[in-house]
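Below is the file entry.pdb, which contains PDB, N, CA, C and O atoms.
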ATOM      1  N   MET A   6       0.832  -1.177   0.000
ATOM      2  CA  MET A   6       0.000   0.000   0.000
ATOM      3  C   MET A   6       0.880   1.245   0.000
ATOM      4  O   MET A   6       1.831   1.334   0.764
ATOM      5  N   CYS A   7       0.537   2.197  -0.791
ATOM      6  CA  CYS A   7       1.245   3.472  -0.804
ATOM      7  C   CYS A   7       0.409   4.488  -0.052
ATOM      8  O   CYS A   7      -0.592   4.987  -0.561
ATOM      9  N   MET A   8       0.804   4.752   1.189
ATOM     10  CA  MET A   8       0.079   5.698   2.029
ATOM     11  C   MET A   8       1.062   6.674   2.654
ATOM     12  O   MET A   8       2.249   6.405   2.766
ATOM     13  N   CYS A   9       0.530   7.796   3.119
ATOM     14  CA  CYS A   9       1.347   8.745   3.851
ATOM     15  C   CYS A   9       1.592   8.199   5.264
ATOM     16  O   CYS A   9       0.969   7.222   5.679
ATOM     17  N   ASP A  10       2.512   8.826   5.976
ATOM     18  CA  ASP A  10       2.855   8.357   7.322
ATOM     19  C   ASP A  10       1.666   8.396   8.267
ATOM     20  O   ASP A  10       1.478   7.500   9.084
ATOM     21  N   LYS A  11       0.849   9.435   8.162
ATOM     22  CA  LYS A  11      -0.306   9.582   9.047
ATOM     23  C   LYS A  11      -1.296   8.424   8.847
ATOM     24  O   LYS A  11      -1.740   7.811   9.825
ATOM     25  N   CYS A  12      -1.606   8.119   7.617
ATOM     26  CA  CYS A  12      -2.563   7.045   7.336
ATOM     27  C   CYS A  12      -1.987   5.676   7.697
ATOM     28  O   CYS A  12      -2.720   4.802   8.146
ATOM     29  N   MET A  13      -0.674   5.497   7.503
ATOM     30  CA  MET A  13      -0.044   4.236   7.893
ATOM     31  C   MET A  13      -0.144   4.030   9.403
ATOM     32  O   MET A  13      -0.402   2.922   9.877
ATOM     33  N   LYS A  14       0.041   5.097  10.179
ATOM     34  CA  LYS A  14      -0.067   4.997  11.637
ATOM     35  C   LYS A  14      -1.495   4.679  12.054
ATOM     36  O   LYS A  14      -1.715   3.861  12.953
ATOM     37  N   ILE A  15      -2.468   5.308  11.410
ATOM     38  CA  ILE A  15      -3.868   5.054  11.747
ATOM     39  C   ILE A  15      -4.244   3.616  11.418
ATOM     40  O   ILE A  15      -4.864   2.925  12.224
ATOM     41  N   CYS A  16      -3.864   3.143  10.226
ATOM     42  CA  CYS A  16      -4.173   1.759   9.848
ATOM     43  C   CYS A  16      -3.444   0.771  10.760
ATOM     44  O   CYS A  16      -4.003  -0.257  11.135
ATOM     45  N   GLY A  17      -2.205   1.090  11.119
ATOM     46  CA  GLY A  17      -1.464   0.236  12.046
ATOM     47  C   GLY A  17      -2.145   0.162  13.395
ATOM     48  O   GLY A  17      -2.223  -0.910  14.012
ATOM     49  N   ALA A  18      -2.658   1.283  13.871
ATOM     50  CA  ALA A  18      -3.369   1.294  15.159
ATOM     51  C   ALA A  18      -4.651   0.476  15.089
ATOM     52  O   ALA A  18      -4.987  -0.256  16.034
ATOM     53  N   ILE A  19      -5.365   0.569  13.963
ATOM     54  CA  ILE A  19      -6.594  -0.220  13.797
ATOM     55  C   ILE A  19      -6.271  -1.711  13.833
ATOM     56  O   ILE A  19      -6.949  -2.490  14.524
ATOM     57  N   PHE A  20      -5.235  -2.126  13.111
ATOM     58  CA  PHE A  20      -4.870  -3.544  13.091
ATOM     59  C   PHE A  20      -4.344  -4.004  14.450
ATOM     60  O   PHE A  20      -4.586  -5.142  14.861
ATOM     61  N   LEU A  21      -3.644  -3.137  15.176
ATOM     62  CA  LEU A  21      -3.173  -3.491  16.510
ATOM     63  C   LEU A  21      -4.339  -3.713  17.459
ATOM     64  O   LEU A  21      -4.374  -4.706  18.197
ATOM     65  N   VAL A  22      -5.316  -2.823  17.430
ATOM     66  CA  VAL A  22      -6.493  -2.970  18.284
ATOM     67  C   VAL A  22      -7.253  -4.244  17.931
ATOM     68  O   VAL A  22      -7.664  -5.004  18.823
ATOM     69  N   LEU A  23      -7.438  -4.501  16.633
ATOM     70  CA  LEU A  23      -8.118  -5.732  16.232
ATOM     71  C   LEU A  23      -7.340  -6.969  16.681
ATOM     72  O   LEU A  23      -7.930  -7.956  17.124
ATOM     73  N   GLY A  24      -6.018  -6.918  16.574
ATOM     74  CA  GLY A  24      -5.203  -8.043  17.018
ATOM     75  C   GLY A  24      -5.341  -8.304  18.502
ATOM     76  O   GLY A  24      -5.460  -9.453  18.939
ATOM     77  N   ILE A  25      -5.358  -7.244  19.302
ATOM     78  CA  ILE A  25      -5.527  -7.403  20.748
ATOM     79  C   ILE A  25      -6.906  -7.938  21.072
ATOM     80  O   ILE A  25      -7.057  -8.824  21.924
ATOM     81  N   VAL A  26      -7.927  -7.426  20.383
ATOM     82  CA  VAL A  26      -9.298  -7.916  20.623
ATOM     83  C   VAL A  26      -9.385  -9.407  20.322
ATOM     84  O   VAL A  26      -9.928 -10.184  21.116
ATOM     85  N   PHE A  27      -8.844  -9.846  19.199
ATOM     86  CA  PHE A  27      -8.942 -11.261  18.851
ATOM     87  C   PHE A  27      -8.030 -12.129  19.712
ATOM     88  O   PHE A  27      -8.334 -13.303  19.933
ATOM     89  N   LEU A  28      -6.952 -11.578  20.240
ATOM     90  CA  LEU A  28      -6.145 -12.312  21.211
ATOM     91  C   LEU A  28      -6.934 -12.549  22.491
ATOM     92  O   LEU A  28      -6.939 -13.660  23.038
ATOM     93  N   VAL A  29      -7.637 -11.528  22.957
ATOM     94  CA  VAL A  29      -8.464 -11.670  24.163
ATOM     95  C   VAL A  29      -9.584 -12.680  23.927
ATOM     96  O   VAL A  29      -9.917 -13.474  24.810
ATOM     97  N   VAL A  30     -10.144 -12.678  22.719
ATOM     98  CA  VAL A  30     -11.177 -13.663  22.386
ATOM     99  C   VAL A  30     -10.595 -15.068  22.392
ATOM    100  O   VAL A  30     -11.189 -15.998  22.940
ATOM    101  N   ASP A  31      -9.404 -15.242  21.788
ATOM    102  CA  ASP A  31      -8.767 -16.563  21.749
ATOM    103  C   ASP A  31      -8.420 -17.075  23.141
ATOM    104  O   ASP A  31      -8.445 -18.278  23.386
ATOM    105  N   LEU A  32      -8.082 -16.166  24.035
ATOM    106  CA  LEU A  32      -7.762 -16.570  25.405
ATOM    107  C   LEU A  32      -9.011 -16.873  26.228
ATOM    108  O   LEU A  32      -8.902 -17.376  27.334
ATOM    109  N   GLY A  33     -10.174 -16.558  25.694
ATOM    110  CA  GLY A  33     -11.429 -16.911  26.334
ATOM    111  C   GLY A  33     -11.943 -15.892  27.336
ATOM    112  O   GLY A  33     -12.841 -16.201  28.119
ATOM    113  N   TYR A  34     -11.402 -14.682  27.314
ATOM    114  CA  TYR A  34     -11.852 -13.664  28.257
ATOM    115  C   TYR A  34     -13.046 -12.866  27.770
ATOM    116  O   TYR A  34     -13.696 -12.182  28.540
ATOM    117  N   TRP A  35     -13.310 -12.916  26.463
ATOM    118  CA  TRP A  35     -14.366 -12.077  25.917
ATOM    119  C   TRP A  35     -14.982 -12.786  24.719
ATOM    120  O   TRP A  35     -14.287 -13.335  23.875
ATOM    121  N   ASP A  36     -16.312 -12.763  24.608
ATOM    122  CA  ASP A  36     -17.010 -13.313  23.444
ATOM    123  C   ASP A  36     -17.338 -12.149  22.522
ATOM    124  O   ASP A  36     -18.112 -11.262  22.860
ATOM    125  N   PHE A  37     -16.714 -12.122  21.354
ATOM    126  CA  PHE A  37     -16.786 -10.968  20.458
ATOM    127  C   PHE A  37     -17.744 -11.228  19.308
ATOM    128  O   PHE A  37     -17.373 -11.250  18.158
ATOM    129  N   TRP A  38     -18.977 -11.434  19.571
ATOM    130  CA  TRP A  38     -20.062 -11.557  18.601
ATOM    131  C   TRP A  38     -19.819 -12.584  17.506
ATOM    132  O   TRP A  38     -20.377 -12.484  16.416
ATOM    133  N   ASN A  39     -18.947 -13.545  17.719
ATOM    134  CA  ASN A  39     -18.649 -14.606  16.745
ATOM    135  C   ASN A  39     -18.184 -14.073  15.387
ATOM    136  O   ASN A  39     -18.481 -14.640  14.347
ATOM    137  N   ILE A  40     -17.452 -12.976  15.382
ATOM    138  CA  ILE A  40     -16.884 -12.425  14.148
ATOM    139  C   ILE A  40     -15.530 -13.095  13.916
ATOM    140  O   ILE A  40     -14.713 -13.180  14.821
ATOM    141  N   GLN A  41     -15.297 -13.573  12.717
ATOM    142  CA  GLN A  41     -14.029 -14.209  12.375
ATOM    143  C   GLN A  41     -12.959 -13.144  12.136
ATOM    144  O   GLN A  41     -13.262 -12.019  11.731
ATOM    145  N   TRP A  42     -11.709 -13.503  12.351
ATOM    146  CA  TRP A  42     -10.623 -12.530  12.230
ATOM    147  C   TRP A  42     -10.472 -12.013  10.813
ATOM    148  O   TRP A  42     -10.151 -10.855  10.590
ATOM    149  N   TRP A  43     -10.709 -12.869   9.818
ATOM    150  CA  TRP A  43     -10.518 -12.420   8.438
ATOM    151  C   TRP A  43     -11.605 -11.428   8.025
ATOM    152  O   TRP A  43     -11.354 -10.549   7.221
ATOM    153  N   THR A  44     -12.804 -11.548   8.594
ATOM    154  CA  THR A  44     -13.856 -10.572   8.322
ATOM    155  C   THR A  44     -13.440  -9.206   8.841
ATOM    156  O   THR A  44     -13.567  -8.196   8.146
ATOM    157  N   ALA A  45     -12.926  -9.171  10.065
ATOM    158  CA  ALA A  45     -12.469  -7.912  10.649
ATOM    159  C   ALA A  45     -11.287  -7.348   9.863
ATOM    160  O   ALA A  45     -11.183  -6.131   9.675
ATOM    161  N   ALA A  46     -10.399  -8.207   9.367
ATOM    162  CA  ALA A  46      -9.246  -7.742   8.586
ATOM    163  C   ALA A  46      -9.693  -7.128   7.261
ATOM    164  O   ALA A  46      -9.165  -6.088   6.845
ATOM    165  N   PHE A  47     -10.663  -7.746   6.601
ATOM    166  CA  PHE A  47     -11.167  -7.183   5.352
ATOM    167  C   PHE A  47     -11.858  -5.841   5.587
ATOM    168  O   PHE A  47     -11.706  -4.905   4.799
ATOM    169  N   ILE A  48     -12.620  -5.738   6.663
ATOM    170  CA  ILE A  48     -13.293  -4.478   6.974
ATOM    171  C   ILE A  48     -12.256  -3.395   7.284
ATOM    172  O   ILE A  48     -12.360  -2.267   6.795
ATOM    173  N   ALA A  49     -11.247  -3.726   8.085
ATOM    174  CA  ALA A  49     -10.208  -2.756   8.422
ATOM    175  C   ALA A  49      -9.423  -2.343   7.179
ATOM    176  O   ALA A  49      -9.106  -1.160   6.998
ATOM    177  N   GLY A  50      -9.113  -3.286   6.315
ATOM    178  CA  GLY A  50      -8.421  -2.959   5.062
ATOM    179  C   GLY A  50      -9.259  -2.072   4.162
ATOM    180  O   GLY A  50      -8.743  -1.145   3.529
ATOM    181  N   GLY A  51     -10.549  -2.334   4.109
ATOM    182  CA  GLY A  51     -11.452  -1.503   3.306
ATOM    183  C   GLY A  51     -11.566  -0.095   3.850
ATOM    184  O   GLY A  51     -11.544   0.883   3.088
ATOM    185  N   VAL A  52     -11.657   0.033   5.167
ATOM    186  CA  VAL A  52     -11.721   1.357   5.786
ATOM    187  C   VAL A  52     -10.430   2.129   5.519
ATOM    188  O   VAL A  52     -10.458   3.312   5.167
ATOM    189  N   GLY A  53      -9.287   1.447   5.653
ATOM    190  CA  GLY A  53      -8.009   2.099   5.380
ATOM    191  C   GLY A  53      -7.878   2.526   3.935
ATOM    192  O   GLY A  53      -7.371   3.618   3.638
ATOM    193  N   SER A  54      -8.332   1.695   3.014
ATOM    194  CA  SER A  54      -8.256   2.032   1.593
ATOM    195  C   SER A  54      -9.159   3.205   1.240
ATOM    196  O   SER A  54      -8.772   4.105   0.483
ATOM    197  N   LEU A  55     -10.368   3.209   1.802
ATOM    198  CA  LEU A  55     -11.271   4.328   1.547
ATOM    199  C   LEU A  55     -10.728   5.625   2.133
ATOM    200  O   LEU A  55     -10.826   6.686   1.519
ATOM    201  N   ALA A  56     -10.140   5.536   3.326
ATOM    202  CA  ALA A  56      -9.597   6.734   3.962
ATOM    203  C   ALA A  56      -8.406   7.274   3.179
ATOM    204  O   ALA A  56      -8.287   8.488   2.980
ATOM    205  N   SER A  57      -7.517   6.398   2.716
ATOM    206  CA  SER A  57      -6.347   6.875   1.981
ATOM    207  C   SER A  57      -6.722   7.393   0.593
ATOM    208  O   SER A  57      -6.008   8.203   0.022
ATOM    209  N   ALA A  58      -7.849   6.939   0.057
ATOM    210  CA  ALA A  58      -8.284   7.421  -1.250
ATOM    211  C   ALA A  58      -8.690   8.890  -1.190
ATOM    212  O   ALA A  58      -8.572   9.609  -2.179
ATOM    213  N   GLY A  59      -9.135   9.343  -0.023
ATOM    214  CA  GLY A  59      -9.539  10.739   0.112
ATOM    215  C   GLY A  59      -8.476  11.618   0.737
ATOM    216  O   GLY A  59      -8.691  12.815   0.914
ATOM    217  N   CYS A  60      -7.336  11.076   1.067
ATOM    218  CA  CYS A  60      -6.263  11.823   1.737
ATOM    219  C   CYS A  60      -5.356  12.472   0.689
ATOM    220  O   CYS A  60      -4.778  11.772  -0.143
ATOM    221  N   PRO A  61      -5.194  13.793   0.725
ATOM    222  CA  PRO A  61      -4.339  14.443  -0.273
ATOM    223  C   PRO A  61      -2.866  14.039  -0.171
ATOM    224  O   PRO A  61      -2.179  13.954  -1.200
ATOM    225  N   ASP A  62      -2.386  13.765   1.039
ATOM    226  CA  ASP A  62      -0.993  13.340   1.189
ATOM    227  C   ASP A  62      -0.770  11.962   0.579
ATOM    228  O   ASP A  62       0.272  11.710  -0.027
ATOM    229  N   CYS A  63      -1.731  11.067   0.749
ATOM    230  CA  CYS A  63      -1.609   9.727   0.155
ATOM    231  C   CYS A  63      -1.629   9.804  -1.372
ATOM    232  O   CYS A  63      -0.896   9.089  -2.044
ATOM    233  N   LYS A  64      -2.459  10.693  -1.898
ATOM    234  CA  LYS A  64      -2.495  10.869  -3.356
ATOM    235  C   LYS A  64      -1.157  11.383  -3.865
ATOM    236  O   LYS A  64      -0.681  10.963  -4.907
ATOM    237  N   ALA A  65      -0.532  12.275  -3.089
ATOM    238  CA  ALA A  65       0.770  12.813  -3.491
ATOM    239  C   ALA A  65       1.833  11.724  -3.442
ATOM    240  O   ALA A  65       2.711  11.674  -4.312
ATOM    241  N   VAL A  66       1.764  10.836  -2.448
ATOM    242  CA  VAL A  66       2.735   9.744  -2.348
ATOM    243  C   VAL A  66       2.589   8.806  -3.534
ATOM    244  O   VAL A  66       3.568   8.363  -4.129
ATOM    245  N   ARG A  67       1.350   8.507  -3.917
ATOM    246  CA  ARG A  67       1.117   7.597  -5.030
ATOM    247  C   ARG A  67       1.596   8.163  -6.373
ATOM    248  O   ARG A  67       2.066   7.431  -7.226
ATOM    249  N   THR A  68       1.472   9.469  -6.532
ATOM    250  CA  THR A  68       1.878  10.076  -7.811
ATOM    251  C   THR A  68       3.314  10.555  -7.805
ATOM    252  O   THR A  68       3.805  11.042  -8.820
ATOM    253  N   GLY A  69       3.993  10.427  -6.674
ATOM    254  CA  GLY A  69       5.380  10.854  -6.591
ATOM    255  C   GLY A  69       5.545  12.308  -6.235
ATOM    256  O   GLY A  69       6.628  12.852  -6.330
ATOM    257  N   GLY A  70       4.467  12.957  -5.827
ATOM    258  CA  GLY A  70       4.519  14.382  -5.505
ATOM    259  C   GLY A  70       5.317  14.694  -4.258
ATOM    260  O   GLY A  70       5.910  15.756  -4.144
ATOM    261  N   MET A  71       5.359  13.790  -3.295
ATOM    262  CA  MET A  71       6.099  14.036  -2.058
ATOM    263  C   MET A  71       7.601  14.042  -2.332
ATOM    264  O   MET A  71       8.329  14.796  -1.725
ATOM    265  N   ALA A  72       8.057  13.220  -3.252
ATOM    266  CA  ALA A  72       9.484  13.162  -3.561
ATOM    267  C   ALA A  72       9.926  14.458  -4.263
ATOM    268  O   ALA A  72      11.043  14.908  -4.094
ATOM    269  N   LYS A  73       9.045  15.046  -5.030
ATOM    270  CA  LYS A  73       9.383  16.280  -5.736
ATOM    271  C   LYS A  73       9.504  17.461  -4.773
ATOM    272  O   LYS A  73      10.228  18.386  -5.041
ATOM    273  N   LYS A  74       8.759  17.423  -3.661
ATOM    274  CA  LYS A  74       8.781  18.523  -2.708
ATOM    275  C   LYS A  74      10.072  18.579  -1.918
ATOM    276  O   LYS A  74      10.473  19.605  -1.439
ATOM    277  N   LYS A  75      10.755  17.429  -1.758
ATOM    278  CA  LYS A  75      11.957  17.368  -0.920
ATOM    279  C   LYS A  75      13.117  18.033  -1.537
ATOM    280  O   LYS A  75      13.476  18.364  -2.483
TER
END
I'd like the structure from this file rewritten - as structure tokens, please.
Amino acid sequence: MCMCDKCMKICGAIFLVLGIVFLVVDLGYWDFWNIQWWTAAFIAGGVGSLASAGCPDCKAVRTGGMAKKK
């Protein structure tokens, strides 16, 4: 994925939270509505992709605009 630093941090935080939630579910401390991990991963990936599609910094990274500014 070609994203700006801000969006990469946000997506990383989303995946970290999901990982902790599913770890707690696997350990048996919490019943998380019977959602499978891959469903949550696809939803998180879709949210990240939609968010980066509207981010001007991510668009600049994809087109090489950030490298030209340096």
Do you know which residues are at most 8 Å from Trp42 in chain A counting all atoms listed in the file, after dropping those on the same chain fewer than 5 positions away, and could you put them as a PDB file with N, CA, C and O atoms, in the frame of the given file?
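Written output follows (result-v9.pdb):
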ATOM      1  N   LEU A  23      -7.438  -4.501  16.633  1.00  0.00           N
ATOM      2  CA  LEU A  23      -8.118  -5.732  16.232  1.00  0.00           C
ATOM      3  C   LEU A  23      -7.340  -6.969  16.681  1.00  0.00           C
ATOM      4  O   LEU A  23      -7.930  -7.956  17.124  1.00  0.00           O
ATOM      5  N   PHE A  27      -8.844  -9.846  19.199  1.00  0.00           N
ATOM      6  CA  PHE A  27      -8.942 -11.261  18.851  1.00  0.00           C
ATOM      7  C   PHE A  27      -8.030 -12.129  19.712  1.00  0.00           C
ATOM      8  O   PHE A  27      -8.334 -13.303  19.933  1.00  0.00           O
ATOM      9  N   PHE A  47     -10.663  -7.746   6.601  1.00  0.00           N
ATOM     10  CA  PHE A  47     -11.167  -7.183   5.352  1.00  0.00           C
ATOM     11  C   PHE A  47     -11.858  -5.841   5.587  1.00  0.00           C
ATOM     12  O   PHE A  47     -11.706  -4.905   4.799  1.00  0.00           O
ATOM     13  N   ILE A  48     -12.620  -5.738   6.663  1.00  0.00           N
ATOM     14  CA  ILE A  48     -13.293  -4.478   6.974  1.00  0.00           C
ATOM     15  C   ILE A  48     -12.256  -3.395   7.284  1.00  0.00           C
ATOM     16  O   ILE A  48     -12.360  -2.267   6.795  1.00  0.00           O
ATOM     17  N   ALA A  49     -11.247  -3.726   8.085  1.00  0.00           N
ATOM     18  CA  ALA A  49     -10.208  -2.756   8.422  1.00  0.00           C
ATOM     19  C   ALA A  49      -9.423  -2.343   7.179  1.00  0.00           C
ATOM     20  O   ALA A  49      -9.106  -1.160   6.998  1.00  0.00           O
TER      21      ALA A  49
END
Subject >> Interatomic distance, CA of Gly33 in chain A to CA of Phe20 in chain A (Å, one decimal) >> reply: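 Atom-to-atom, CA of Gly33 in chain A to CA of Phe20 in chain A, that is 19.9 Å.
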Original post:
Hey, can you check how far CA of Cys60 in chain A sits from CA of Gly17 in chain A?
Top reply: 16.2 Å
**OP:** Record the distance separating atom O of Asn39 in chain A and CA of Ala58 in chain A, expressed in Å with one decimal.
**Re:**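 According to the coordinates, atom O of Asn39 in chain A and CA of Ala58 in chain A are separated by 28.9 Å.
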**OP:** Name the residues, using the chain letters and numbers of the file, that sit within 7 Å of (1.9, 6.4, 0.0) when counting only C-alpha atoms, and give them as a VMD selection string.
**Re:** chain A and resid 6 to 9 63 66 to 67
**OP:** Just the alpha helix (DSSP H) stuff from chain A, please, per backbone DSSP, written as a PyMOL selection string.
**Re:** chain A and resi 10-31+42-58+61-68+70-74
